[in-house]
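The next block is target37.csv, given as CSV, C-alpha atoms.
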```
chain,number,residue,atom,x,y,z
A,1,MET,CA,-24.4,36.5,44.9
A,2,ASP,CA,-24.7,38.5,48.1
A,3,ARG,CA,-22.0,36.5,49.7
A,4,ASN,CA,-19.6,37.1,46.8
A,5,ASN,CA,-20.2,40.9,47.1
A,6,LYS,CA,-19.3,40.8,50.8
A,7,GLN,CA,-16.1,38.8,50.0
A,8,SER,CA,-15.2,41.3,47.2
A,9,ARG,CA,-15.7,44.2,49.5
A,10,ALA,CA,-13.6,42.5,52.2
A,11,VAL,CA,-10.8,42.0,49.8
A,12,THR,CA,-11.0,45.6,48.6
A,13,LYS,CA,-10.9,46.8,52.2
A,14,LYS,CA,-7.9,44.7,52.9
A,15,LYS,CA,-6.1,46.0,49.9
A,16,LYS,CA,-6.7,49.5,51.1
A,17,VAL,CA,-5.2,48.8,54.5
A,18,LEU,CA,-2.1,47.3,52.9
A,19,ASP,CA,-1.9,50.3,50.6
A,20,LYS,CA,-2.1,52.7,53.6
A,21,ILE,CA,0.4,51.3,56.0
A,22,ASN,CA,3.7,53.1,56.3
A,23,GLY,CA,7.2,51.5,56.3
A,24,HIS,CA,7.4,51.5,60.1
A,25,ASP,CA,4.0,49.7,60.4
A,26,ALA,CA,5.1,47.2,57.7
A,27,LEU,CA,8.3,46.4,59.6
A,28,ILE,CA,6.4,45.8,62.9
A,29,ILE,CA,3.9,43.6,61.0
A,30,LEU,CA,6.7,41.7,59.3
A,31,LYS,CA,8.5,41.1,62.5
A,32,ALA,CA,5.3,39.9,64.2
A,33,LEU,CA,4.7,37.4,61.3
A,34,ALA,CA,8.3,36.2,61.6
A,35,ASN,CA,8.0,35.7,65.3
A,36,GLU,CA,4.8,33.6,64.8
A,37,ASP,CA,6.2,31.2,62.2
A,38,ARG,CA,9.8,30.1,61.6
A,39,SER,CA,9.1,29.1,58.0
A,40,ILE,CA,7.7,32.6,57.3
A,41,ALA,CA,10.7,34.1,59.0
A,42,LYS,CA,13.0,32.1,56.7
A,43,ARG,CA,11.0,33.2,53.6
A,44,ILE,CA,11.2,36.8,54.7
A,45,GLU,CA,14.9,36.5,55.1
A,46,GLN,CA,15.2,34.9,51.6
A,47,ILE,CA,13.3,37.7,50.0
A,48,ALA,CA,15.3,40.3,51.9
A,49,LEU,CA,18.6,38.8,50.8
A,50,GLU,CA,17.3,38.6,47.2
A,51,TYR,CA,16.4,42.3,47.4
A,52,LEU,CA,19.7,43.3,49.0
A,53,ARG,CA,21.7,41.4,46.5
A,54,ASP,CA,20.1,43.1,43.5
A,55,ILE,CA,22.6,46.0,43.1
A,56,ASP,CA,23.0,47.9,39.9
A,57,VAL,CA,26.3,49.8,40.0
A,58,GLU,CA,25.0,52.3,37.4
A,59,ASN,CA,21.9,53.0,39.4
A,60,VAL,CA,23.9,53.6,42.6
A,61,ALA,CA,26.3,55.9,40.7
A,62,SER,CA,23.4,57.9,39.3
A,63,GLN,CA,21.9,58.3,42.8
A,64,VAL,CA,25.3,59.4,44.2
A,65,TYR,CA,25.8,61.8,41.3
A,66,TYR,CA,22.4,63.4,41.7
A,67,ALA,CA,22.7,63.6,45.5
A,68,LEU,CA,25.9,65.6,45.0
A,69,GLU,CA,24.6,67.6,42.1
A,70,GLY,CA,21.5,68.5,44.2
A,71,ILE,CA,23.5,70.4,46.7
A,72,GLU,CA,22.5,74.0,46.2
A,73,VAL,CA,25.2,76.7,46.4
A,74,GLU,CA,22.6,79.0,48.0
A,75,ASP,CA,22.4,76.6,50.9
A,76,LEU,CA,26.1,76.8,51.3
A,77,TRP,CA,26.0,80.6,51.3
A,78,GLU,CA,23.2,80.6,53.9
A,79,GLN,CA,25.2,78.2,56.2
A,80,SER,CA,28.6,79.9,56.0
A,81,GLY,CA,30.3,83.2,56.3
A,82,SER,CA,29.5,85.6,59.2
A,83,MET,CA,27.1,83.9,61.5
A,84,ARG,CA,25.5,84.9,64.8
A,85,TYR,CA,28.2,82.9,66.8
A,86,GLY,CA,31.2,83.5,64.6
A,87,TYR,CA,32.5,82.8,61.2
A,88,VAL,CA,32.0,79.6,59.2
A,89,GLU,CA,34.5,79.1,56.4
A,90,PRO,CA,32.5,78.4,53.2
A,91,SER,CA,34.9,75.8,51.9
A,92,ASP,CA,34.8,74.0,55.2
A,93,ARG,CA,31.0,74.0,55.2
A,94,ALA,CA,31.1,72.8,51.5
A,95,TRP,CA,33.1,69.8,52.5
A,96,GLU,CA,30.7,69.0,55.3
A,97,MET,CA,27.8,69.3,52.9
A,98,PHE,CA,29.5,67.0,50.5
A,99,GLU,CA,30.0,64.4,53.3
A,100,GLU,CA,26.4,64.8,54.4
A,101,ALA,CA,25.2,64.0,50.9
A,102,LEU,CA,27.3,60.9,50.8
A,103,GLU,CA,26.3,59.7,54.3
A,104,PRO,CA,23.2,57.7,53.3
A,105,PHE,CA,25.3,55.8,50.8
A,106,THR,CA,28.2,55.1,53.1
A,107,ASN,CA,25.7,54.0,55.8
A,108,GLU,CA,24.2,51.6,53.2
A,109,LEU,CA,27.7,50.3,52.3
A,110,ASN,CA,28.4,49.6,56.0
A,111,ARG,CA,25.1,47.7,56.3
A,112,TYR,CA,26.2,45.3,53.6
A,113,PHE,CA,29.4,44.6,55.6
A,114,GLU,CA,27.3,44.1,58.8
A,115,LEU,CA,25.2,41.6,56.9
A,116,SER,CA,28.4,39.8,55.6
A,117,LEU,CA,27.4,40.6,52.0
A,118,GLU,CA,30.9,41.4,50.8
A,119,ASN,CA,30.3,41.0,47.1
A,120,GLU,CA,27.3,43.3,47.4
A,121,ALA,CA,29.4,45.8,49.4
A,122,LYS,CA,31.9,45.7,46.5
A,123,LYS,CA,29.3,46.5,43.9
A,124,TYR,CA,27.7,49.2,46.1
A,125,CYS,CA,31.1,50.8,46.7
A,126,MET,CA,31.8,50.7,42.9
A,127,GLY,CA,28.6,52.6,42.4
A,128,ILE,CA,29.5,55.2,45.1
A,129,LEU,CA,33.0,55.7,43.6
A,130,LYS,CA,31.6,56.0,40.1
A,131,GLY,CA,29.1,58.6,41.2
A,132,ILE,CA,31.7,60.6,43.0
A,133,ASP,CA,34.0,60.4,40.0
A,134,GLN,CA,31.2,61.5,37.6
A,135,PHE,CA,30.4,64.4,39.8
A,136,GLY,CA,34.1,65.5,39.9
A,137,LYS,CA,34.5,65.3,36.2
A,138,GLU,CA,31.1,66.3,34.8
A,139,SER,CA,29.3,68.6,37.3
A,140,THR,CA,29.2,72.3,36.5
A,141,SER,CA,27.4,73.3,39.7
A,142,GLN,CA,28.5,76.4,41.5
A,143,PHE,CA,28.7,74.3,44.7
A,144,LYS,CA,31.5,72.2,43.2
A,145,ASP,CA,33.7,75.3,43.0
A,146,TRP,CA,33.6,75.6,46.8
A,147,ALA,CA,34.6,72.0,47.3
A,148,GLU,CA,37.0,71.6,44.4
A,149,ASP,CA,39.1,68.8,45.9
A,150,ALA,CA,36.3,67.1,47.8
A,151,PRO,CA,35.4,64.5,45.0
A,152,ASP,CA,39.0,63.2,44.9
A,153,GLU,CA,39.4,63.3,48.7
A,154,PHE,CA,36.1,61.5,49.4
A,155,PHE,CA,36.7,59.0,46.6
A,156,GLU,CA,39.9,58.0,48.4
A,157,ARG,CA,38.2,58.0,51.8
A,158,VAL,CA,35.3,55.8,50.7
A,159,LEU,CA,37.8,53.4,48.9
A,160,ASP,CA,40.1,53.2,51.9
A,161,ASP,CA,37.2,52.6,54.3
A,162,TRP,CA,35.9,49.8,52.0
A,163,LYS,CA,39.4,48.2,51.7
A,164,ARG,CA,39.7,48.2,55.5
A,165,ALA,CA,36.4,46.4,55.9
A,166,CYS,CA,36.8,44.0,53.0
A,167,LYS,CA,38.2,40.6,53.9
A,168,ASN,CA,38.4,39.2,50.4
A,169,PRO,CA,41.7,39.9,48.4
A,170,GLU,CA,39.9,38.9,45.2
A,171,HIS,CA,37.3,41.7,45.8
A,172,ILE,CA,40.1,44.2,46.4
A,173,GLN,CA,41.8,43.2,43.1
A,174,GLU,CA,38.4,43.5,41.3
A,175,MET,CA,38.0,47.0,42.7
A,176,GLU,CA,41.5,48.0,41.6
A,177,ASP,CA,40.8,46.6,38.1
A,178,PHE,CA,37.5,48.5,38.0
A,179,ILE,CA,39.2,51.8,38.9
A,180,GLU,CA,42.1,51.1,36.5
A,181,ARG,CA,39.6,50.5,33.7
A,182,GLY,CA,38.1,53.9,34.3
A,183,LEU,CA,35.3,52.8,36.7
A,184,GLY,CA,33.7,50.4,34.3
A,185,LYS,CA,33.5,52.7,31.3
```

What would you get if you wrote out this structure as structure tokens?
Amino acid sequence: MDRNNKQSRAVTKKKKVLDKINGHDALIILKALANEDRSIAKRIEQIALEYLRDIDVENVASQVYYALEGIEVEDLWEQSGSMRYGYVEPSDRAWEMFEEALEPFTNELNRYFELSLENEAKKYCMGILKGIDQFGKESTSQFKDWAEDAPDEFFERVLDDWKRACKNPEHIQEMEDFIERGLGK
């Protein structure tokens, strides 16, 4: 009985350690495990690819929409107009803020291409485009008034960048069909 209690406490303590490590620590541990055992490395890669391949266009669109919708017009006002070192045009800063909100998504899209996951890049791009389109059509935020043409401009920019990186003509056709059908509506 005493031995079982010690084992139980050891398991509980281990769970607490796993619950307390951060992402950086987890990555270091994962890489160390992969370096120690090739079969573990292959399994880690399989799990990573399964995770990366699980793309929900609607979820990506929602994340993009809320990232753009979350830009506060008050932040724009604070970061534009007369400044200590000159004048910052509010509409120029609004475009920069729009681009900054999209940056994590475009970085993720580029990562899919770097990993040669073209089908996933297509789906992820569809989500980005759908989120931008939704923001352009549905948002009533005051910020949007300062970057009125940004949704259309960035929609085209993201699409053009994706097309340049995409090597599969079938994926390009699928994207054009997706857009033509009203972004999957």

*asked:* Considering only C-alpha atoms, can you say which of A:Met126, A:Met97, A:Glu74, A:Cys166 comes closest to Asn110 (chain A)?
replied: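 Among the listed residues, A:Cys166 lies closest to Asn110 (chain A).
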
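Across the structure, CA of Ser62 (chain A) and CA of Ala101 (chain A) are spaced 13.2 Å apart.
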
* Excluding Asn168 (chain A) and residues on its chain fewer than 3 positions from it, collect all residues at most 8 Å away from it, counting all atoms listed in the file, and give them as a list in words. =>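 The contact residues come out as Glu118, His171 and Ile172 of chain A.
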
- Task: Counting all atoms listed in the file, select every polymer residue within 8 Å of (30.4, 59.6, 47.0) as defined in the file's coordinates, and provide the selection as a list in words.
- Result: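 Those residues, ordered by chain and then number, are Val64, Tyr65, Leu68, Glu99, Ala101, Leu102, Phe105, Thr106, Ile128, Leu129, Lys130, Gly131, Ile132, Asp133, Pro151, Phe154, Phe155 and Val158 of chain A.
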
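Shortest separation to Gly182 (chain A) among A:Leu115, A:Trp146, A:Arg43, A:Gln134 occurs at residue A:Gln134, atoms counted being only C-alpha atoms.
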
Item to complete: Find the distance between CA of Asp152 (chain A) and CA of Ser139 (chain A) and write it in Å to one decimal.
Response: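 We find that CA of Asp152 (chain A) and CA of Ser139 (chain A) lie 13.5 Å from each other.
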